[in-house]
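Shown next, in structure tokens, is the structure this report addresses.
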Amino acid sequence: MSKKIFSGVQPTGNLHLGNYIGAIKNFVNLQNDNNNSCIYCVVDLHAITINQDPIQLKKNIRETAATFIASGLDYKKSIIFNQSLVPAHSEASWILSCVARMGWLNRMTQFKEKAGKDKEKASVGLYVYPILMAADILLYDATHVPVGEDQKQHLELSRDIANKFNLDFKSPNFFVAPEPLIQKNFARIMSLKDGNKKMSKSDPSELSRINLTDSSDQISNKIKKAKTDTQTLPDNENGLSKRPEAENLLGIYSSLSDQPLTKTINEFSGKNFSDLKEKLANLVVEKISPISYETNKLLKDETFIDKILKDGADKANEIAYKKIINIKKIIGF
Ligand code: TYM
């Protein structure tokens with residue numbers, strides 16, 4: 001079956017191994033299946049839900065786009081653009097905020113985590129952020145959305161919004177309720193310092209994550225210092241329960257070597273963490289260094305990156321504009 005794929009990444013700097021394994025690597029696989037049509041968006045409107053330095057934001061938009069391309073996305077096969085160049089995202093977001101319910105947003109765990117204790121001081125944008133995400137997806141009639149585990153709840157909200165709009169305006173099937181594509185064993189890459197915490201760009205500890213711009217030495221050093229437990233590595237998947245650090249490191253190894261977790265478990269069964277760490281460090285360097293090298297090379301030509309984003313936005317605009325015209329017709333404008 002042919003799939004219409006849409007996904008996005010925020011240009012907030014520090015793209016890390018979690019973003020790569022949980023999302024970008026999968027974007028490339030989906031693109032390379034010729035049955036799919038893919039749209040990948042640098043979601044800059046999402047990024048300003050927290051304070052951004054304008055000069056740094058511009059750099060981060062280009063860096064995210066360059067990382068997409070360096071990881072294997074092909075702007076001739078996929079549409080690659082940044083969100084703020086396509087006005088329909090903001091327009092649809094407003095209309096859909098009149099469809100979504102407060103109760104739905106109040107359940108969003110990511111808002112609670114990001115706003116923390118001081119939620120009175122969080123921006124309104126951070127609160128309504130999942131509605132903008134629904135707009136992103138629904139404008140393109142995306143059938144499938146590749147994301148990491150942390151976005152699952154937002155995807156469910158997108159489906160609820162699509163279904164409610166279709167029902168309220170008696171327009172069955174107008175919006176497509178999108179399916180999340182969440183990889184089984186690699187959807188939640190954890191912090192290297194705490195196997196119970198997600199690897200995240202906002203973690204104050206640099207040692208907790210591998211950035212896609214890290215040098216080989218930095219990568220090796222971070223893996224060497226990664227938290228472990230005192231046992232040897234297990235001989236089956238059940239042996240990973242209550243051993244989050246072992247599960248995480250073996251998961252990263254499996255994803256980057258494109259082999260099932262069971263095969264990785266067999267490879268390291270009965271061995272020490274030090275054996276796994278040595279091989280893992282080599283593998284991460286082998287996979288990540290070319291991406292960081294290529295990203296830096298691409299960033300030397302800003303005009304080239306800007307042109308890719310602009311051309312992608314022209315194509316996205318064509319699709320999104322038609323959809324927003326129909327949305328307006330349906331609601332009576
Ligand atoms: P963002 O920018 O936080 O993250 C980009 C993608 O990386 C995944 N991810 C992870 N996957 C596995 N392990 C981790 N530790 C990890 N950390 C991040 C995220 O799940 C995501 O897939 N709201 C979205 C961006 C967005 C979007 C969209 C996505 C905006 N509009 C429409 C899909 C469709 C976000 O903040 O992702």
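Quick note on naming: the chains in the structure tokens go A, B, ... in the order shown, residues restart at 1 in each chain, and ligands are numbered from 1 in order of appearance.
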Environment of ligand 1 within 7 Å, counting only C-alpha atoms and all ligand atoms, reported as number ranges by chain: A: 6-11, 18-23, 43, 46, 132-134, 136-137, 145-151, 186-190, 198-200
Those in range 19-90 of chain A with strand (DSSP E) from DSSP, as a PyMOL selection string: chain A and resi 37-42+79-82
Residue neighbourhood range 276-287 of chain A, 10 Å, only C-alpha atoms, exclusion window fewer than 6 positions, as a ChimeraX atom specification: /A:17,71,210,212,214-226,228,233,246,249-250,252-254,256-257,264,267-268
Output for the residues just chosen: N, CA, C and O atoms as a compact mmCIF listing (two decimals), in the first residue's frame:
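What landed in out.txt:
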# COMPACT_ATOMS: atom_id res chain seq x y z
N LEU A 17 21.43 11.35 19.19
CA LEU A 17 21.25 9.98 18.72
C LEU A 17 19.80 9.51 18.86
O LEU A 17 19.34 8.71 18.05
N SER A 71 21.97 12.77 6.50
CA SER A 71 21.56 11.43 6.97
C SER A 71 21.01 10.58 5.84
O SER A 71 20.71 9.41 6.05
N ILE A 210 24.51 11.68 22.95
CA ILE A 210 25.48 11.81 21.88
C ILE A 210 24.88 12.75 20.85
O ILE A 210 23.83 12.47 20.27
N LEU A 212 24.69 14.76 17.30
CA LEU A 212 25.08 14.35 15.95
C LEU A 212 26.28 15.16 15.45
O LEU A 212 26.81 14.86 14.39
N ASP A 214 28.98 15.57 17.55
CA ASP A 214 30.12 15.19 18.41
C ASP A 214 31.29 14.61 17.59
O ASP A 214 31.06 13.93 16.58
N SER A 215 32.51 14.88 18.07
CA SER A 215 33.69 14.29 17.41
C SER A 215 33.82 12.83 17.83
O SER A 215 33.18 12.38 18.80
N SER A 216 34.68 12.09 17.13
CA SER A 216 34.88 10.67 17.46
C SER A 216 35.32 10.52 18.92
O SER A 216 34.85 9.61 19.63
N ASP A 217 36.22 11.40 19.36
CA ASP A 217 36.70 11.31 20.74
C ASP A 217 35.58 11.54 21.75
O ASP A 217 35.48 10.84 22.76
N GLN A 218 34.75 12.53 21.44
CA GLN A 218 33.63 12.82 22.36
C GLN A 218 32.68 11.62 22.43
O GLN A 218 32.23 11.23 23.51
N ILE A 219 32.40 11.02 21.27
CA ILE A 219 31.49 9.86 21.24
C ILE A 219 32.07 8.72 22.08
O ILE A 219 31.41 8.17 22.97
N SER A 220 33.35 8.39 21.83
CA SER A 220 33.97 7.27 22.56
C SER A 220 33.97 7.53 24.06
O SER A 220 33.66 6.64 24.86
N ASN A 221 34.29 8.77 24.42
CA ASN A 221 34.36 9.13 25.83
C ASN A 221 32.99 9.01 26.51
O ASN A 221 32.88 8.47 27.61
N LYS A 222 31.95 9.48 25.81
CA LYS A 222 30.61 9.42 26.40
C LYS A 222 30.15 7.97 26.58
O LYS A 222 29.53 7.63 27.58
N ILE A 223 30.49 7.12 25.61
CA ILE A 223 30.07 5.72 25.74
C ILE A 223 30.88 5.03 26.84
O ILE A 223 30.34 4.26 27.64
N LYS A 224 32.16 5.38 26.93
CA LYS A 224 32.98 4.81 28.00
C LYS A 224 32.40 5.14 29.37
O LYS A 224 32.38 4.33 30.28
N LYS A 225 31.88 6.38 29.50
CA LYS A 225 31.37 6.83 30.80
C LYS A 225 29.89 6.49 31.01
O LYS A 225 29.31 6.86 32.04
N ALA A 226 29.26 5.83 30.04
CA ALA A 226 27.83 5.53 30.18
C ALA A 226 27.59 4.63 31.40
O ALA A 226 28.41 3.77 31.72
N THR A 228 26.25 1.71 33.74
CA THR A 228 26.01 0.27 33.52
C THR A 228 25.51 -0.34 34.84
O THR A 228 25.34 0.38 35.82
N LEU A 233 26.15 -9.41 30.45
CA LEU A 233 24.99 -9.18 29.57
C LEU A 233 24.17 -10.47 29.42
O LEU A 233 24.74 -11.57 29.42
N ALA A 246 21.41 -1.73 30.18
CA ALA A 246 21.79 -2.79 29.24
C ALA A 246 20.85 -2.77 28.04
O ALA A 246 21.28 -2.86 26.88
N LEU A 249 21.75 0.29 25.68
CA LEU A 249 22.99 0.17 24.89
C LEU A 249 22.85 -0.92 23.83
O LEU A 249 23.29 -0.76 22.68
N LEU A 250 22.21 -2.03 24.20
CA LEU A 250 22.01 -3.10 23.21
C LEU A 250 21.05 -2.65 22.11
O LEU A 250 21.22 -2.99 20.94
N ILE A 252 20.63 0.49 21.02
CA ILE A 252 21.35 1.42 20.13
C ILE A 252 22.22 0.61 19.17
O ILE A 252 22.25 0.87 17.96
N TYR A 253 22.89 -0.40 19.71
CA TYR A 253 23.76 -1.24 18.87
C TYR A 253 22.94 -1.92 17.77
O TYR A 253 23.33 -1.93 16.59
N SER A 254 21.77 -2.46 18.16
CA SER A 254 20.92 -3.16 17.18
C SER A 254 20.46 -2.24 16.08
O SER A 254 20.52 -2.58 14.91
N LEU A 256 21.69 0.62 15.04
CA LEU A 256 22.74 1.14 14.14
C LEU A 256 23.35 0.03 13.28
O LEU A 256 23.91 0.29 12.23
N SER A 257 23.26 -1.23 13.76
CA SER A 257 23.81 -2.30 12.91
C SER A 257 22.69 -2.96 12.09
O SER A 257 22.93 -3.99 11.45
N THR A 264 21.54 -9.19 18.53
CA THR A 264 22.54 -8.44 19.32
C THR A 264 22.72 -9.11 20.69
O THR A 264 23.84 -9.23 21.20
N GLU A 267 24.91 -11.99 20.34
CA GLU A 267 26.31 -11.58 20.08
C GLU A 267 27.04 -11.25 21.39
O GLU A 267 28.23 -11.53 21.52
N PHE A 268 26.31 -10.64 22.36
CA PHE A 268 27.00 -10.19 23.59
C PHE A 268 26.65 -11.04 24.81
O PHE A 268 27.08 -10.71 25.92
Distance in Å - CA of Glu237 in chain A versus CA of Leu15 in chain A: 29.3 Å
Contacts of Cys98 in chain A within 10 Å, only C-alpha atoms, excl. fewer than 4 positions in-chain, as a list in words: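 Residues meeting the cut-off are Ser93, Trp94, Met102, Ile131, Ile161 and Phe165 of chain A.
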For CA of Thr295 in chain A and CA of Asn26 in chain A, the interatomic separation in Å (one decimal):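 Going from CA of Thr295 in chain A over to CA of Asn26 in chain A, I get 18.1 Å.
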Selection: 9 Å around Leu126 in chain A, only C-alpha atoms, excl. self and same-chain fewer than 6 positions, as a list in words: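 The residues satisfying every condition are His46, Ile48, Thr49, Ile50, Phe111, Lys114 and Ala115 of chain A.
When only C-alpha atoms are used to measure the gap to Glu179 in chain A, the shortest distance among A:Ala316, A:Leu299, A:Ala142, A:Ile39 belongs to A:Ala142.
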Helix (DSSP H, G or I) call set, DSSP backbone run, range 9-79 of chain A, as a ChimeraX atom specification: /A:17-31,44-47,54-71
Gap from CA of Ala135 in chain A to CA of His89 in chain A - Å, one decimal: 5.9 Å
Minimum-distance residue to Asn248 in chain A, chosen among A:Glu206, A:Asp33, A:Asp194, A:Asp235 (using only C-alpha atoms):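 The answer is A:Asp194, which sits nearest to Asn248 in chain A.
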Compile a residue-level contact table for range 54-143 of chain A against range 305-313 of chain A at a cut-off of 7 Å, reporting for every qualifying residue the shortest atom pair and its distance in Å to one decimal, with only C-alpha atoms counted, rows ordered by chain and ascending number, as a tab-separated table.
residue	atom	partner	partner_atom	distance
A:Arg62	CA	A:Ile305	CA	6.5
A:Ala66	CA	A:Ile305	CA	6.9
A:Tyr75	CA	A:Ile308	CA	6.9
A:Ile79	CA	A:Gly312	CA	5.1
A:Ile80	CA	A:Gly312	CA	5.0
A:Phe81	CA	A:Leu309	CA	4.3
A:Asn82	CA	A:Leu309	CA	6.2
A:Leu85	CA	A:Ala313	CA	6.1
A:Val86	CA	A:Ala313	CA	6.3
